[in-house]
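Report on one structure; see the data block that follows.
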Amino acid sequence: MTLEDLLHSRGEWLASGGPMSEVVISSRIRLARNLAGHRFLSKAAKSERGEIERKLADAIAASDWGSDTFYIDVDQSEPLDRQFLVERHLISKQHAEAEGSRGVAVSNAETLALMINEEDHLRIQVLRRGMNLDSAWDQIMRVDAALENLVEFAYHKQYGYLTACPTNVGTGLRVSVMLHLPALKLTNEIEKVLRAAKDMRLAVRGLFGEGTDAMGDFFQVSNQVTLGQSEEEILDTFKQEVIPFVVKYEQEARKALMRDRLTALDDKVWRAWGLLANARAISSEETLLLLSHLRIGVVLGRIKNVDLDAVNDLFITSQSAHLQKRHGEKLDGERRSIARADLIRDRLNRSSPSDN
């Protein structure tokens with residue numbers, strides 16, 4: 001499999017049908033690791049960065065998971081390809097914009113990505129559809145153990161795994177869940193919920209992670225601190241407290257819309273369909289907002305015969321780098337808006353929606 005093949009596939013994590021998938025789009029677990037005997041990247045010379053990349057790339061290829069992954073040299077990739085990987089949630093924005101030796105190993109189903117020389121020497125990421133932290137945890141522990149049989153990670157008996165950022169010291173674990181919260185936005189309750197999340201020492205970010213805004217009513221909620229907590233404690237907090245809390249409020253907001261503001265809800269949903277299915281040029285920001293309204297309409301049964309997987313897929317494939325790679329050339333803003341509208345009309349007009 002190659003980078004080009006990703007254009008014609010959908011990441012398994014983006015498909016509908018996972019646990020709590022009406023609200024929870026995906027679950028992600030990430031582990032930060034650094035090689036023993038090597039300096040953190042902020043202090044590493046160019047030659048040492050190259051040595052770190054070679055050691056980790058070789059270890060990944062030799063591991064039990066190596067045959068199911070393909071490797072991308074991010075440093076040698078074109079800027080458009082790097083942005084494409086960001087849009088697919090396979091590397092971070094920081095990894096794309098950094099300099100020097102770095103890469104990523106990606107599994108064929110896009111559920112596993114191993115970033116080399118991001119902030120730490122290695123970032124292992126596992127993605128699952130819906131609320132599925134247990135499955136993600138099971139896989140990432142097996143990947144981590146397999147690699148630790150091949151290389152030595154920096155570890156302190158008192159502090160745990162040593163990382164470039166102090167907030168990751170300890171387990172090196174970051175749990176992140178992507179939520180679609182349109183009803184909380186429409187009922188003006190979102191700020192109250194986000195404040196409560198921050199009071200619980202959680203980070204709340206946008207669709208593409210750190211440094212991005214919450215476009216399309218998507219929010220990524222993750223833990224901020226790992227030191228002093230075990231992996232099990234962090235996971236249990238998310239499974240039993242954090243996500244049920246947010247999902248409950250979103251579901252209550254959806255019930256309130258259906259009970260008290262049904263006409264206003266239907267107006268939002270059908271206006272979204274009308275614009276998406278007929279626009280000849282459309283911006284990325286407007287697309288995400290309209291897709292958000294369309295998605296809640298599909299989930300709540302207000303609009304039928306629209307494929308939820310197609311709607312989910314368009315959140316990613318309508319992004320700038322995807323459009324340009326699909327067309328095989330760089331497109332200016334106006335041409336991207338036209339190409340985006342063409343793509344959306346093609347995907348949505350394959351069916352005729354109804355409200356009954």
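In the structure tokens, the first chain shown is A, the next is B, and so on; residue numbers restart at 1 for each chain, and ligands run from 1 in the order shown.
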
Write out as an NGL selection string each polymer residue whose atoms come within 7 Å of Leu291 (chain A), counting only C-alpha atoms; drop sequence neighbours fewer than 3 positions from it. :A and (272 or 287-288 or 294-295 or 311)

Write out the residues from the selection above, keeping C-alpha atoms, as a PDB file, in the first residue's frame.
```pdb
ATOM      1  CA  ALA A 272     -27.837  22.026   4.707  1.00  0.00           C
ATOM      2  CA  THR A 287     -18.891  22.670   4.151  1.00  0.00           C
ATOM      3  CA  LEU A 288     -18.023  21.471   7.649  1.00  0.00           C
ATOM      4  CA  LEU A 294     -26.821  17.187   7.768  1.00  0.00           C
ATOM      5  CA  ARG A 295     -25.232  14.530   9.961  1.00  0.00           C
ATOM      6  CA  VAL A 311     -21.343  12.162   5.234  1.00  0.00           C
TER       7      VAL A 311
END
```

Filtered DSSP result for region 162-257 of chain A, state alpha helix (DSSP H), as an MDAnalysis selection string: chainID A and resid 182:186 190:199 231:237 243:257

I'd like the contact shell of region 229-232 of chain A - 12 Å cut-off, only C-alpha atoms, skipping same-chain residues fewer than 2 positions apart - returned as an MDAnalysis selection string. chainID A and resid 29:31 133:134 137:138 140:141 159:161 167:175 223:227 234:240

Can you pull out the residues contacting region 331-333 of chain A? Cut-off 12 Å, using only C-alpha atoms, and skip same-chain residues under 4 positions away; I want them as a list in words.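 The neighbour list is Leu80, Ala281, Ile282, Ser283, Ser284, Gln319, Ser320, Ala321, His322, Leu323, Gln324, Lys325, Arg326, His327, Ser337, Ile338, Ala339 and Arg340 of chain A.
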
Write the residues you've just listed into a file as a short mmCIF file (atom, residue, chain, number, x, y, z; two decimals), in the first residue's frame, and include C-alpha atoms for each of them.
```cif
data_model
loop_
_atom_site.label_atom_id
_atom_site.label_comp_id
_atom_site.auth_asym_id
_atom_site.auth_seq_id
_atom_site.Cartn_x
_atom_site.Cartn_y
_atom_site.Cartn_z
CA LEU A 80 0.75 18.69 -0.09
CA ALA A 281 -18.65 26.50 -5.20
CA ILE A 282 -18.27 26.14 -1.44
CA SER A 283 -15.63 26.87 1.18
CA SER A 284 -14.17 24.34 3.59
CA GLN A 319 -10.43 19.09 2.73
CA SER A 320 -7.90 21.03 0.67
CA ALA A 321 -5.09 18.48 0.26
CA HIS A 322 -7.49 15.65 -0.56
CA LEU A 323 -9.12 17.69 -3.31
CA GLN A 324 -5.78 18.63 -4.86
CA LYS A 325 -4.40 15.11 -4.74
CA ARG A 326 -7.61 13.78 -6.29
CA HIS A 327 -7.21 16.27 -9.15
CA SER A 337 -14.20 25.63 -3.87
CA ILE A 338 -15.52 24.42 -7.22
CA ALA A 339 -13.87 20.99 -6.90
CA ARG A 340 -15.26 20.64 -3.37
#
```

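Compared by their closest atoms to Val269 (chain A), and using only C-alpha atoms, the residues A:Lys185, A:Arg350, A:Lys55, A:Arg302 rank with A:Arg302 nearest.
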
What's the separation between CA of Asp266 (chain A) and CA of Glu189 (chain A), in Å to one decimal place?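 Here the two named atoms are 19.4 Å from each other.
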
Using only C-alpha atoms, which residues of region 15-85 of chain A come within 12 Å of region 4-7 of chain A, and what is the closest atom pair for each, with the distance in Å to one decimal? Give it as CSV, sorted by chain and residue number.
```
residue,atom,partner,partner_atom,distance
A:Phe70,CA,A:Asp5,CA,11.1
A:Ile72,CA,A:Glu4,CA,11.2
A:Asp81,CA,A:Glu4,CA,9.3
A:Phe84,CA,A:Leu7,CA,9.3
A:Leu85,CA,A:Leu6,CA,9.4
```

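Here CA of Gly100 (chain A) is placed at a distance of 8.5 Å from CA of Asn117 (chain A).
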
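The space between CA of Glu119 (chain A) and CA of Phe219 (chain A) spans 22.4 Å.
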
Counting only C-alpha atoms, what is within 10 Å of region 101-103 of chain A, bar same-chain residues fewer than 6 positions away, as an MDAnalysis selection string? chainID A and resid 46:54 56:57 71:77 91 95 114:118 121:122

Of the candidates A:Ala61, A:Ala154, A:Ala96, A:Leu127, which one gets nearest to Glu12 (chain A) if we count only C-alpha atoms?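 For Glu12 (chain A), the nearest of the given residues is A:Leu127.
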
Near-Leu181 (chain A) list (8 Å; only C-alpha atoms; drop same-chain fewer than 6 positions) as a list of chain:residue names: A:Val23, A:Ile190, A:Asp217, A:Phe218, A:Phe219, A:Glu250

I'd like the neighbourhood of Ile296 (chain A) as a PyMOL selection string, where a residue qualifies if any of its atoms comes within 9 Å (using only C-alpha atoms), though same-chain residues fewer than 6 positions away should be ignored. chain A and resi 22+180+182-183+254+269+302

Please identify the strand (DSSP E or B) residues within region 81-267 of chain A (assignment by DSSP from backbone atoms) and present them as JSON, numbers by chain. {"A": [103, 104, 105, 106, 107, 112, 113, 114, 115, 116, 122, 123, 124, 125, 126, 127, 128, 129, 153, 155, 156, 160, 161, 170, 173, 174, 175, 176, 177, 178, 179, 180, 202, 203, 204, 205, 206, 209, 218, 219, 220, 221, 222, 223]}

Using only C-alpha atoms: which of A:Leu257, A:Val221, A:Val106, A:Cys165 has the shortest distance to Ala203 (chain A):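 Closest residue, counting only C-alpha atoms: A:Val221.
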
Shortest interatomic distance to His89 (chain A) - which of A:Arg33, A:Lys157, A:Arg10, A:Arg39, counting only C-alpha atoms: A:Arg10
